[in-house]
$ cat query.tsv   # TSV, C-alpha atoms and all ligand atoms
chain	number	residue	atom	x	y	z
N	1	MET	CA	-19.39	83.76	47.17
N	2	ASN	CA	-18.54	80.72	45.09
N	3	THR	CA	-21.69	79.61	43.32
N	4	GLY	CA	-19.73	77.56	40.81
N	5	LEU	CA	-19.33	78.10	37.11
N	6	VAL	CA	-22.24	76.68	35.16
N	7	ASP	CA	-22.57	77.26	31.43
N	8	PRO	CA	-25.85	77.90	29.56
N	9	PHE	CA	-26.21	74.14	28.98
N	10	GLY	CA	-26.01	73.26	32.66
N	11	ARG	CA	-22.45	71.95	32.60
N	12	SER	CA	-20.13	72.81	35.50
N	13	VAL	CA	-16.80	74.14	34.33
N	14	GLU	CA	-14.17	72.92	36.73
N	15	TYR	CA	-11.13	72.42	34.55
N	16	VAL	CA	-8.82	74.88	32.77
N	17	ARG	CA	-6.29	73.95	30.12
N	18	LEU	CA	-3.61	76.58	30.40
N	19	SER	CA	-1.37	77.12	27.39
N	20	VAL	CA	1.88	78.79	28.41
N	21	THR	CA	3.26	79.08	24.88
N	22	ASP	CA	2.15	78.47	21.31
N	23	ARG	CA	5.70	77.47	20.32
N	24	CYS	CA	6.87	73.90	20.07
N	25	ASP	CA	10.16	72.08	19.55
N	26	LEU	CA	8.42	69.41	17.44
N	27	ARG	CA	6.45	69.68	14.20
N	28	CYS	CA	3.94	66.83	14.29
N	29	PHE	CA	2.56	66.86	10.75
N	30	TYR	CA	-1.07	66.73	11.94
N	31	CYS	CA	-0.58	69.64	14.35
N	32	LEU	CA	1.80	72.43	13.26
N	33	PRO	CA	2.91	73.21	9.69
N	34	GLY	CA	6.66	72.68	9.21
N	35	ASP	CA	7.23	76.26	8.08
N	36	TYR	CA	4.85	77.89	10.59
N	37	ARG	CA	6.08	81.31	11.76
N	38	ASP	CA	2.98	83.08	12.95
N	39	PHE	CA	3.68	82.64	16.65
N	40	SER	CA	2.57	85.19	19.23
N	41	GLU	CA	5.17	87.71	20.40
N	42	PRO	CA	6.54	87.84	23.96
N	43	ASP	CA	4.73	91.08	24.82
N	44	GLU	CA	1.46	89.29	23.98
N	45	TRP	CA	2.15	86.43	26.39
N	46	LEU	CA	0.42	86.58	29.73
N	47	THR	CA	3.08	87.04	32.39
N	48	PHE	CA	3.27	84.62	35.34
N	49	PRO	CA	1.53	87.12	37.69
N	50	GLU	CA	-1.22	87.65	35.07
N	51	ILE	CA	-1.70	83.91	34.65
N	52	GLU	CA	-1.82	83.49	38.41
N	53	ARG	CA	-4.51	86.18	38.68
N	54	VAL	CA	-6.74	84.62	36.02
N	55	ILE	CA	-6.36	81.11	37.41
N	56	SER	CA	-7.04	82.38	40.93
N	57	ALA	CA	-10.27	83.96	39.66
N	58	PHE	CA	-11.28	80.62	38.13
N	59	ALA	CA	-10.38	78.80	41.35
N	60	SER	CA	-12.47	81.21	43.41
N	61	LEU	CA	-15.41	80.14	41.26
N	62	GLY	CA	-14.92	76.42	41.71
N	63	VAL	CA	-12.26	75.37	39.20
N	64	ARG	CA	-10.25	72.64	40.89
N	65	ARG	CA	-8.05	71.37	38.09
N	66	VAL	CA	-5.50	73.00	35.81
N	67	ARG	CA	-3.46	71.32	33.11
N	68	ILE	CA	-0.44	73.21	31.78
N	69	THR	CA	-0.05	72.72	28.05
N	70	GLY	CA	0.96	74.47	24.82
N	71	GLY	CA	2.51	74.45	22.21
N	72	GLU	CA	5.17	72.71	24.18
N	73	PRO	CA	5.05	74.03	27.75
N	74	LEU	CA	8.67	73.13	28.51
N	75	VAL	CA	9.89	75.72	26.01
N	76	ARG	CA	8.47	78.47	28.24
N	77	LYS	CA	11.34	79.72	30.39
N	78	ASP	CA	11.13	79.12	34.14
N	79	LEU	CA	8.05	76.90	33.93
N	80	PRO	CA	8.69	75.39	37.40
N	81	LEU	CA	8.37	78.89	38.88
N	82	LEU	CA	4.91	79.24	37.35
N	83	ALA	CA	3.98	75.74	38.50
N	84	ARG	CA	4.96	76.64	42.06
N	85	ARG	CA	2.78	79.77	41.98
N	86	LEU	CA	-0.19	77.82	40.62
N	87	ALA	CA	0.24	74.98	43.08
N	88	ALA	CA	-0.04	77.52	45.91
N	89	ILE	CA	-3.48	78.78	44.78
N	90	PRO	CA	-5.99	77.80	47.46
N	91	ASP	CA	-8.60	75.24	46.38
N	92	LEU	CA	-6.73	74.17	43.28
N	93	ASP	CA	-6.13	70.52	43.98
N	94	ASP	CA	-4.96	69.05	40.70
N	95	LEU	CA	-2.10	70.55	38.71
N	96	SER	CA	-0.95	68.50	35.74
N	97	LEU	CA	1.15	68.88	32.60
N	98	SER	CA	0.93	67.80	28.97
N	99	THR	CA	4.29	67.59	27.24
N	100	ASN	CA	6.06	66.00	24.30
N	101	ALA	CA	8.80	65.09	26.83
N	102	VAL	CA	11.65	66.21	24.54
N	103	ALA	CA	13.08	68.35	27.34
N	104	LEU	CA	11.53	66.47	30.24
N	105	ALA	CA	14.69	64.68	31.36
N	106	ARG	CA	16.10	68.07	32.35
N	107	HIS	CA	13.00	69.41	34.08
N	108	ALA	CA	11.12	66.44	35.58
N	109	GLY	CA	12.55	66.77	39.11
N	110	ALA	CA	11.98	70.54	39.35
N	111	LEU	CA	8.42	70.25	38.01
N	112	ARG	CA	7.51	67.50	40.45
N	113	GLU	CA	8.99	69.49	43.30
N	114	ALA	CA	7.07	72.57	42.18
N	115	GLY	CA	3.79	70.72	42.71
N	116	ILE	CA	2.81	69.13	39.41
N	117	GLY	CA	1.30	65.77	40.23
N	118	ARG	CA	0.30	64.14	36.98
N	119	ILE	CA	1.81	64.19	33.56
N	120	ASN	CA	0.65	63.29	30.04
N	121	VAL	CA	3.23	62.59	27.38
N	122	SER	CA	2.47	62.56	23.66
N	123	LEU	CA	4.03	59.58	21.92
N	124	ASP	CA	2.76	58.37	18.56
N	125	SER	CA	5.44	55.83	17.69
N	126	LEU	CA	8.10	53.66	19.31
N	127	ASN	CA	10.00	53.40	16.06
N	128	ALA	CA	12.72	56.07	15.87
N	129	VAL	CA	12.53	56.50	12.09
N	130	ARG	CA	8.79	56.76	12.08
N	131	PHE	CA	8.80	59.02	15.13
N	132	ARG	CA	11.07	61.38	13.21
N	133	GLU	CA	8.78	61.30	10.17
N	134	ILE	CA	5.76	62.18	12.28
N	135	THR	CA	7.36	64.78	14.57
N	136	ARG	CA	10.77	65.73	13.13
N	137	GLY	CA	12.15	64.94	16.59
N	138	LYS	CA	14.27	62.31	18.30
N	139	LEU	CA	12.57	59.39	20.03
N	140	ASP	CA	15.51	58.86	22.43
N	141	LYS	CA	14.94	62.19	24.10
N	142	VAL	CA	11.29	61.40	24.71
N	143	LEU	CA	12.09	57.99	26.18
N	144	ASP	CA	14.72	59.59	28.44
N	145	GLY	CA	12.13	62.14	29.50
N	146	LEU	CA	9.61	59.43	30.30
N	147	MET	CA	12.07	57.51	32.45
N	148	ALA	CA	13.02	60.73	34.26
N	149	ALA	CA	9.33	61.37	34.93
N	150	LYS	CA	9.02	57.91	36.43
N	151	ARG	CA	12.03	58.47	38.67
N	152	ALA	CA	10.68	61.87	39.73
N	153	GLY	CA	7.54	60.14	41.03
N	154	PHE	CA	4.81	61.39	38.68
N	155	ALA	CA	1.76	59.15	38.93
N	156	PRO	CA	-0.05	58.35	36.83
N	157	ILE	CA	1.99	58.93	33.69
N	158	LYS	CA	-0.30	58.81	30.66
N	159	ILE	CA	0.83	58.28	27.11
N	160	ASN	CA	-1.25	60.09	24.48
N	161	MET	CA	-1.14	58.40	21.10
N	162	VAL	CA	-2.96	59.95	18.14
N	163	VAL	CA	-3.95	56.89	16.14
N	164	MET	CA	-3.62	57.35	12.38
N	165	LYS	CA	-4.50	54.83	9.71
N	166	GLY	CA	-1.48	53.95	7.60
N	167	VAL	CA	0.84	55.93	9.89
N	168	ASN	CA	0.96	54.20	13.27
N	169	ASP	CA	-2.14	52.01	13.60
N	170	ASP	CA	0.05	48.92	13.30
N	171	GLU	CA	1.84	49.93	16.52
N	172	ILE	CA	-1.04	50.01	18.96
N	173	GLU	CA	-0.33	46.54	20.35
N	174	ASP	CA	3.37	47.46	20.78
N	175	MET	CA	2.34	50.57	22.64
N	176	VAL	CA	0.09	48.47	24.88
N	177	GLU	CA	3.03	46.18	25.74
N	178	PHE	CA	5.29	49.19	26.34
N	179	CYS	CA	2.77	50.73	28.74
N	180	ILE	CA	2.29	47.45	30.62
N	181	GLU	CA	6.06	47.13	30.99
N	182	HIS	CA	6.50	50.65	32.37
N	183	ASP	CA	3.29	51.00	34.29
N	184	PHE	CA	2.01	53.85	32.10
N	185	THR	CA	-1.61	54.54	31.19
N	186	LEU	CA	-2.38	54.58	27.46
N	187	ARG	CA	-4.80	56.99	25.82
N	188	LEU	CA	-5.67	56.55	22.18
N	189	ILE	CA	-6.94	59.66	20.40
N	190	GLU	CA	-8.84	60.17	17.14
N	191	THR	CA	-7.36	62.67	14.69
N	192	MET	CA	-9.31	65.92	14.74
N	193	PRO	CA	-9.78	68.43	11.87
N	194	VAL	CA	-8.19	71.30	13.80
N	195	GLY	CA	-6.32	73.73	11.53
N	196	ASP	CA	-5.23	72.85	7.99
N	197	THR	CA	-2.76	70.33	9.36
N	198	GLY	CA	-5.44	68.43	11.24
N	199	ARG	CA	-7.73	68.51	8.20
N	200	ASN	CA	-4.95	67.29	5.92
N	201	ALA	CA	-4.43	64.39	8.31
N	202	SER	CA	-8.12	63.48	8.16
N	203	ASN	CA	-7.39	60.90	5.47
N	204	HIS	CA	-5.60	59.00	8.25
N	205	TYR	CA	-8.64	59.17	10.54
N	206	LEU	CA	-9.44	55.88	12.20
N	207	ASP	CA	-12.61	55.19	14.19
N	208	LEU	CA	-11.39	53.98	17.59
N	209	GLN	CA	-14.40	51.68	17.98
N	210	THR	CA	-12.70	49.39	15.46
N	211	VAL	CA	-9.44	49.61	17.41
N	212	ARG	CA	-11.23	48.61	20.59
N	213	GLN	CA	-12.66	45.53	18.84
N	214	ARG	CA	-9.22	44.66	17.49
N	215	LEU	CA	-7.63	44.96	20.95
N	216	ALA	CA	-10.41	42.86	22.48
N	217	GLU	CA	-9.42	40.00	20.16
N	218	ARG	CA	-5.89	40.02	21.49
N	219	PHE	CA	-6.27	41.18	25.12
N	220	PRO	CA	-8.93	40.42	27.77
N	221	LEU	CA	-10.55	43.88	28.09
N	222	ILE	CA	-12.74	44.75	31.06
N	223	PRO	CA	-14.28	48.16	31.91
N	224	GLY	CA	-11.69	50.35	33.64
N	225	VAL	CA	-11.75	53.52	35.68
N	226	MET	CA	-9.18	56.28	35.93
N	227	PRO	CA	-9.18	59.35	38.12
N	228	GLY	CA	-8.85	62.56	36.15
N	229	GLY	CA	-12.35	63.42	34.99
N	230	GLY	CA	-11.38	63.59	31.31
N	231	PRO	CA	-13.34	62.48	28.26
N	232	ALA	CA	-11.57	59.14	27.84
N	233	ARG	CA	-13.59	55.97	28.22
N	234	TYR	CA	-11.30	53.42	29.84
N	235	MET	CA	-10.86	49.68	29.42
N	236	GLN	CA	-8.47	47.66	31.54
N	237	ILE	CA	-6.51	44.64	30.40
N	238	ALA	CA	-7.47	41.95	32.90
N	239	GLY	CA	-4.53	40.61	34.89
N	240	THR	CA	-2.52	43.81	34.37
N	241	LYS	CA	-2.68	47.33	35.78
N	242	LEU	CA	-2.97	48.83	32.31
N	243	ASN	CA	-5.89	51.13	31.61
N	244	ILE	CA	-6.47	52.13	27.99
N	245	GLY	CA	-8.47	55.29	27.38
N	246	PHE	CA	-10.33	55.86	24.13
N	247	ILE	CA	-10.77	59.53	23.25
N	248	THR	CA	-13.31	59.66	20.47
N	249	PRO	CA	-14.19	63.28	19.61
N	250	ILE	CA	-15.28	62.24	16.14
N	251	SER	CA	-16.89	58.80	16.35
N	252	GLN	CA	-18.61	59.43	19.70
N	253	HIS	CA	-18.37	63.02	20.89
N	254	PHE	CA	-18.56	63.76	24.60
N	255	CYS	CA	-19.60	67.43	24.51
N	256	GLU	CA	-22.54	66.93	26.90
N	257	THR	CA	-20.03	66.23	29.69
N	258	CYS	CA	-17.50	68.92	28.68
N	259	ASN	CA	-16.22	70.57	31.85
N	260	ARG	CA	-13.30	72.58	30.47
N	261	VAL	CA	-12.14	75.79	28.85
N	262	ARG	CA	-8.78	76.71	27.36
N	263	LEU	CA	-6.72	79.78	28.20
N	264	ALA	CA	-4.22	80.56	25.42
N	265	VAL	CA	-0.86	82.18	26.04
N	266	ASP	CA	-2.11	85.54	24.72
N	267	GLY	CA	-4.94	85.62	27.25
N	268	THR	CA	-7.69	84.44	24.88
N	269	LEU	CA	-10.09	82.05	26.53
N	270	TYR	CA	-11.38	79.49	24.03
N	271	LEU	CA	-14.66	78.02	25.15
N	272	CYS	CA	-14.49	75.00	22.83
N	273	LEU	CA	-11.67	73.28	20.97
N	274	GLY	CA	-13.85	73.01	17.88
N	275	GLN	CA	-15.51	76.44	17.77
N	276	GLU	CA	-14.45	80.08	17.57
N	277	HIS	CA	-16.25	81.28	20.74
N	278	ARG	CA	-13.72	83.21	22.81
N	279	PHE	CA	-13.16	85.86	25.44
N	280	GLU	CA	-10.12	88.17	25.71
N	281	PHE	CA	-8.58	88.60	29.16
N	282	ARG	CA	-5.34	90.37	28.24
N	283	PRO	CA	-6.81	93.81	27.47
N	284	LEU	CA	-8.69	93.74	30.77
N	285	LEU	CA	-5.62	92.68	32.75
N	286	ARG	CA	-3.48	95.36	31.17
N	287	ALA	CA	-6.15	98.01	31.73
N	288	GLY	CA	-5.95	97.40	35.48
N	289	ILE	CA	-9.09	95.33	36.13
N	290	SER	CA	-9.71	94.63	39.84
N	291	ASP	CA	-9.86	91.09	41.24
N	292	ALA	CA	-13.62	91.39	41.76
N	293	GLU	CA	-14.12	92.55	38.18
N	294	LEU	CA	-11.92	89.71	36.96
N	295	VAL	CA	-14.16	87.19	38.71
N	296	GLU	CA	-17.19	88.77	37.00
N	297	ALA	CA	-15.38	88.61	33.66
N	298	VAL	CA	-14.79	84.88	34.16
N	299	ARG	CA	-18.47	84.37	34.95
N	300	HIS	CA	-19.42	86.25	31.80
N	301	ALA	CA	-16.92	84.32	29.64
N	302	ILE	CA	-18.50	81.01	30.65
N	303	THR	CA	-21.89	82.18	29.34
N	304	LEU	CA	-20.29	82.11	25.87
N	305	LYS	CA	-19.56	78.37	25.91
N	306	PRO	CA	-21.20	76.69	22.91
N	307	GLU	CA	-23.13	73.45	23.18
N	308	ARG	CA	-20.78	71.30	21.13
N	309	HIS	CA	-18.12	71.11	18.46
N	310	GLU	CA	-19.08	70.30	14.87
N	311	PHE	CA	-16.02	68.39	13.71
N	312	ARG	CA	-18.18	66.07	11.64
N	313	GLU	CA	-20.74	68.54	10.31
N	314	ARG	CA	-18.37	71.46	9.69
N	315	PRO	CA	-14.79	70.21	9.58
N	316	GLN	CA	-13.67	73.55	8.05
N	317	GLN	CA	-14.80	75.36	11.18
N	318	VAL	CA	-11.55	75.70	13.13
N	319	VAL	CA	-8.78	77.48	11.31
N	320	ARG	CA	-6.43	78.00	14.25
N	321	PHE	CA	-3.87	75.32	15.00
N	322	MET	CA	-4.02	73.13	18.06
N	323	ALA	CA	-0.81	74.68	19.40
N	324	LYS	CA	-2.52	78.08	19.46
N	325	THR	CA	-5.56	76.92	21.40
N	326	GLY	CA	-3.65	74.71	23.80
N	327	GLY	CA	-4.05	71.00	23.28
D	401	LIG	N1	3.21	69.72	23.41
D	401	LIG	C1	2.35	69.07	24.35
D	401	LIG	C2	2.18	67.62	23.98
D	401	LIG	O1	2.84	67.16	23.06
D	401	LIG	O2	1.41	66.94	24.64
D	401	LIG	C3	0.99	69.73	24.54
D	401	LIG	C4	0.30	70.31	23.35
D	401	LIG	S1	-0.17	69.18	22.09
D	401	LIG	C5	-0.96	70.28	20.95
D	401	LIG	C6	-1.49	68.30	22.88
D	401	LIG	C7	-2.01	67.08	22.20
D	401	LIG	O3	-2.73	67.45	21.06
D	401	LIG	C8	-0.96	66.10	21.75
D	401	LIG	O4	-1.21	64.83	22.32
D	401	LIG	C9	-1.16	66.05	20.24
D	401	LIG	O5	-0.86	64.81	19.73
D	401	LIG	C10	-2.62	66.42	20.12
D	401	LIG	N2	-3.03	66.89	18.80
D	401	LIG	C11	-2.52	67.90	18.06
D	401	LIG	N3	-3.17	68.03	16.89
D	401	LIG	C12	-4.13	67.07	16.88
D	401	LIG	C13	-5.14	66.68	15.95
D	401	LIG	N4	-5.28	67.30	14.78
D	401	LIG	N5	-5.95	65.66	16.29
D	401	LIG	C14	-5.81	65.01	17.47
D	401	LIG	N6	-4.90	65.33	18.39
D	401	LIG	C15	-4.05	66.34	18.10
$ encode --input "query.tsv" --output "structure tokens"
Amino acid sequence: MNTGLVDPFGRSVEYVRLSVTDRCDLRCFYCLPGDYRDFSEPDEWLTFPEIERVISAFASLGVRRVRITGGEPLVRKDLPLLARRLAAIPDLDDLSLSTNAVALARHAGALREAGIGRINVSLDSLNAVRFREITRGKLDKVLDGLMAAKRAGFAPIKINMVVMKGVNDDEIEDMVEFCIEHDFTLRLIETMPVGDTGRNASNHYLDLQTVRQRLAERFPLIPGVMPGGGPARYMQIAGTKLNIGFITPISQHFCETCNRVRLAVDGTLYLCLGQEHRFEFRPLLRAGISDAELVEAVRHAITLKPERHEFRERPQQVVRFMAKTGG
């Protein structure tokens, strides 16, 4: 019987971030070290049938939403096949994807057809030189990917911009105009001290409350709403369709409403982005656990969810990189 998944702090867990790889074809300086080699090996990756089993167990307990992420999910071979399997899980009614869009132009149609409805694209700069400095990648490919996503019918398409003082904070207004022009949603994100890279980038941290005030001086902001149940607080620019989400894990954390857990590619379930609490599914799956036992394991895992992250109090806390946890 589905009695829902409720953690020790009374929060319903209804959302799984599913990382299908820890590898990435970009090297954003605040995320993955340029010379990073310590990726998981293929035999450690959950297979598509294993992923489907774990997600089905979550869905049987009330999880309704899954976001495929990574690393960069599009570097996992045959991703549309996995998406199709997940989309067919009964009761799962929201399947979405986070991507850097480098390879999206090639895959957008197949992913949409496979049942992915919504898509988030990371984009920190519209300036090709700067984009390369931040990510080591090519902006053109990302823009091509975004346009392909539009043509394929993804809606909404959200742009995730990590706002960094002295790196791209002078581009927020440009990004706003870009999103108005293309009918994208914009989400601004504070830099988090996740892994050494994230901590090194902390000197670029910018409190988004100040950004909101700055935008309010230039644009008529009114409270906005977006479907999706995420942590962003939205403002709309009056007279346009643009919603701007402010994701403020540092200046105003939202842990009391946290409804998610993260399943890494190696089968580790991370209960919090900013803590080490975890549960290992892979050994159980490979030891032949039954479906009923798997459901019980999921229930148990949720009892391990901590109350909140401590990015401010203990910024040294999380040593693993974002790409490992699944962003
Ligand atoms: N590759 C996919 C993408 O680019 O969206 C999914 C994974 S990526 C790790 C997910 C998100 O995490 C991206 O928007 C990225 O900018 C963000 N991210 C990575 N490290 C971060 C940090 N230290 N602080 C804030 N956001 C971070």
$ closest_residue --input "query.tsv" --among "N:Leu263, N:Leu32, N:Cys255, N:Leu206" --to "ligand LIG 401 (chain D)" --atoms "all atoms listed in the file"
N:Leu32
$ closest_residue --input "query.tsv" --among "N:Gly153, N:Gly4, N:Gly109, N:Pro42" --to "Lys77 (chain N)" --atoms "only C-alpha atoms"
N:Pro42
$ axis_aligned_box --input "query.tsv" --around "ligand LIG 401 (chain D)" --padding-each-side "8 Å" --output "JSON"
{"center_x": -1.4, "center_y": 67.6, "center_z": 19.7, "size_x": 25.2, "size_y": 21.5, "size_z": 25.9}
$ closest_residue --input "query.tsv" --among "N:Arg286, N:His253, N:Lys241, N:Lys324" --to "His309 (chain N)" --atoms "all atoms listed in the file"
N:His253
$ residues_near_ligand --input "query.tsv" --ligand "ligand LIG 401 (chain D)" --cutoff "6 Å" --atoms "all atoms listed in the file" --output "ChimeraX atom specification"
/N:30-31,69-72,98-100,121-122,160,162,190-194,198,322-323,326-327
$ residues_around --input "query.tsv" --residues "Asp144 (chain N)" --least-positions-apart "4" --cutoff "7 Å" --atoms "only C-alpha atoms" --output "list of chain:residue names"
N:Ala105, N:Asp140, N:Ala148
$ residues_around --input "query.tsv" --residues "Gln316 (chain N)" --least-positions-apart "6" --cutoff "10 Å" --atoms "all atoms listed in the file" --output "list in words"
Pro193, Val194, Gly195, Asp196, Arg199, Gly274 and Glu310 of chain N
$ atom_distance --input "query.tsv" --atom1 "CA of Asn120 (chain N)" --atom2 "CA of Glu52 (chain N)"
22.0 Å
$ closest_atom_pairs --input "query.tsv" --of "region 145-207 of chain N" --to "region 219-238 of chain N" --cutoff "10 Å" --atoms "all atoms listed in the file" --output "tab-separated table"
residue	atom	partner	partner_atom	distance
N:Pro156	CA	N:Pro227	CA	9.3
N:Glu173	CA	N:Phe219	CA	9.3
N:Val176	CA	N:Ile237	CA	9.4
N:Ile180	CA	N:Ile237	CA	9.2
N:Thr185	CA	N:Met226	CA	9.1
N:Leu186	CA	N:Tyr234	CA	9.3
N:Arg187	CA	N:Ala232	CA	7.4
N:Leu188	CA	N:Ala232	CA	8.6
N:Ile189	CA	N:Ala232	CA	8.8
$ decode --input "query.tsv" --residues "region 296-313 of chain N" --atoms "N, CA, C and O atoms" --output "PDB file, in the first residue's frame"
ATOM      1  N   GLU N 296      10.922  -1.629   0.685  1.00  0.00           N
ATOM      2  CA  GLU N 296      11.264  -1.428   2.105  1.00  0.00           C
ATOM      3  C   GLU N 296      12.591  -0.691   2.252  1.00  0.00           C
ATOM      4  O   GLU N 296      12.766   0.149   3.141  1.00  0.00           O
ATOM      5  N   ALA N 297      13.529  -1.008   1.354  1.00  0.00           N
ATOM      6  CA  ALA N 297      14.839  -0.328   1.402  1.00  0.00           C
ATOM      7  C   ALA N 297      14.669   1.164   1.126  1.00  0.00           C
ATOM      8  O   ALA N 297      15.324   2.005   1.754  1.00  0.00           O
ATOM      9  N   VAL N 298      13.787   1.488   0.195  1.00  0.00           N
ATOM     10  CA  VAL N 298      13.538   2.910  -0.112  1.00  0.00           C
ATOM     11  C   VAL N 298      12.946   3.596   1.125  1.00  0.00           C
ATOM     12  O   VAL N 298      13.383   4.684   1.513  1.00  0.00           O
ATOM     13  N   ARG N 299      11.984   2.936   1.735  1.00  0.00           N
ATOM     14  CA  ARG N 299      11.382   3.516   2.959  1.00  0.00           C
ATOM     15  C   ARG N 299      12.450   3.789   4.012  1.00  0.00           C
ATOM     16  O   ARG N 299      12.475   4.839   4.644  1.00  0.00           O
ATOM     17  N   HIS N 300      13.334   2.788   4.190  1.00  0.00           N
ATOM     18  CA  HIS N 300      14.382   2.945   5.203  1.00  0.00           C
ATOM     19  C   HIS N 300      15.316   4.101   4.831  1.00  0.00           C
ATOM     20  O   HIS N 300      15.669   4.925   5.689  1.00  0.00           O
ATOM     21  N   ALA N 301      15.691   4.173   3.544  1.00  0.00           N
ATOM     22  CA  ALA N 301      16.640   5.211   3.113  1.00  0.00           C
ATOM     23  C   ALA N 301      16.109   6.600   3.473  1.00  0.00           C
ATOM     24  O   ALA N 301      16.868   7.479   3.908  1.00  0.00           O
ATOM     25  N   ILE N 302      14.815   6.798   3.317  1.00  0.00           N
ATOM     26  CA  ILE N 302      14.240   8.128   3.550  1.00  0.00           C
ATOM     27  C   ILE N 302      14.320   8.521   5.031  1.00  0.00           C
ATOM     28  O   ILE N 302      14.369   9.703   5.369  1.00  0.00           O
ATOM     29  N   THR N 303      14.406   7.518   5.912  1.00  0.00           N
ATOM     30  CA  THR N 303      14.530   7.853   7.343  1.00  0.00           C
ATOM     31  C   THR N 303      15.893   8.478   7.643  1.00  0.00           C
ATOM     32  O   THR N 303      16.112   8.999   8.728  1.00  0.00           O
ATOM     33  N   LEU N 304      16.818   8.394   6.675  1.00  0.00           N
ATOM     34  CA  LEU N 304      18.169   8.932   6.895  1.00  0.00           C
ATOM     35  C   LEU N 304      18.299  10.395   6.454  1.00  0.00           C
ATOM     36  O   LEU N 304      19.369  10.986   6.563  1.00  0.00           O
ATOM     37  N   LYS N 305      17.225  10.963   5.933  1.00  0.00           N
ATOM     38  CA  LYS N 305      17.325  12.326   5.388  1.00  0.00           C
ATOM     39  C   LYS N 305      17.575  13.341   6.513  1.00  0.00           C
ATOM     40  O   LYS N 305      16.815  13.404   7.476  1.00  0.00           O
ATOM     41  N   PRO N 306      18.644  14.120   6.389  1.00  0.00           N
ATOM     42  CA  PRO N 306      18.929  15.103   7.447  1.00  0.00           C
ATOM     43  C   PRO N 306      18.018  16.326   7.339  1.00  0.00           C
ATOM     44  O   PRO N 306      17.373  16.536   6.309  1.00  0.00           O
ATOM     45  N   GLU N 307      18.002  17.106   8.402  1.00  0.00           N
ATOM     46  CA  GLU N 307      17.077  18.242   8.450  1.00  0.00           C
ATOM     47  C   GLU N 307      17.441  19.317   7.435  1.00  0.00           C
ATOM     48  O   GLU N 307      16.588  19.902   6.787  1.00  0.00           O
ATOM     49  N   ARG N 308      18.745  19.577   7.272  1.00  0.00           N
ATOM     50  CA  ARG N 308      19.128  20.701   6.421  1.00  0.00           C
ATOM     51  C   ARG N 308      20.607  20.626   6.060  1.00  0.00           C
ATOM     52  O   ARG N 308      21.384  19.926   6.695  1.00  0.00           O
ATOM     53  N   HIS N 309      20.971  21.367   5.022  1.00  0.00           N
ATOM     54  CA  HIS N 309      22.392  21.500   4.718  1.00  0.00           C
ATOM     55  C   HIS N 309      23.000  22.545   5.654  1.00  0.00           C
ATOM     56  O   HIS N 309      22.283  23.261   6.363  1.00  0.00           O
ATOM     57  N   GLU N 310      24.336  22.607   5.653  1.00  0.00           N
ATOM     58  CA  GLU N 310      25.015  23.591   6.514  1.00  0.00           C
ATOM     59  C   GLU N 310      26.064  24.322   5.687  1.00  0.00           C
ATOM     60  O   GLU N 310      27.217  24.440   6.101  1.00  0.00           O
ATOM     61  N   PHE N 311      25.645  24.777   4.509  1.00  0.00           N
ATOM     62  CA  PHE N 311      26.590  25.437   3.606  1.00  0.00           C
ATOM     63  C   PHE N 311      27.234  26.654   4.260  1.00  0.00           C
ATOM     64  O   PHE N 311      28.387  26.964   4.027  1.00  0.00           O
ATOM     65  N   ARG N 312      26.456  27.342   5.078  1.00  0.00           N
ATOM     66  CA  ARG N 312      27.001  28.543   5.726  1.00  0.00           C
ATOM     67  C   ARG N 312      27.863  28.181   6.927  1.00  0.00           C
ATOM     68  O   ARG N 312      28.975  28.667   7.085  1.00  0.00           O
ATOM     69  N   GLU N 313      27.303  27.288   7.788  1.00  0.00           N
ATOM     70  CA  GLU N 313      27.988  26.970   9.043  1.00  0.00           C
ATOM     71  C   GLU N 313      29.222  26.102   8.820  1.00  0.00           C
ATOM     72  O   GLU N 313      30.224  26.238   9.499  1.00  0.00           O
TER      73      GLU N 313
END
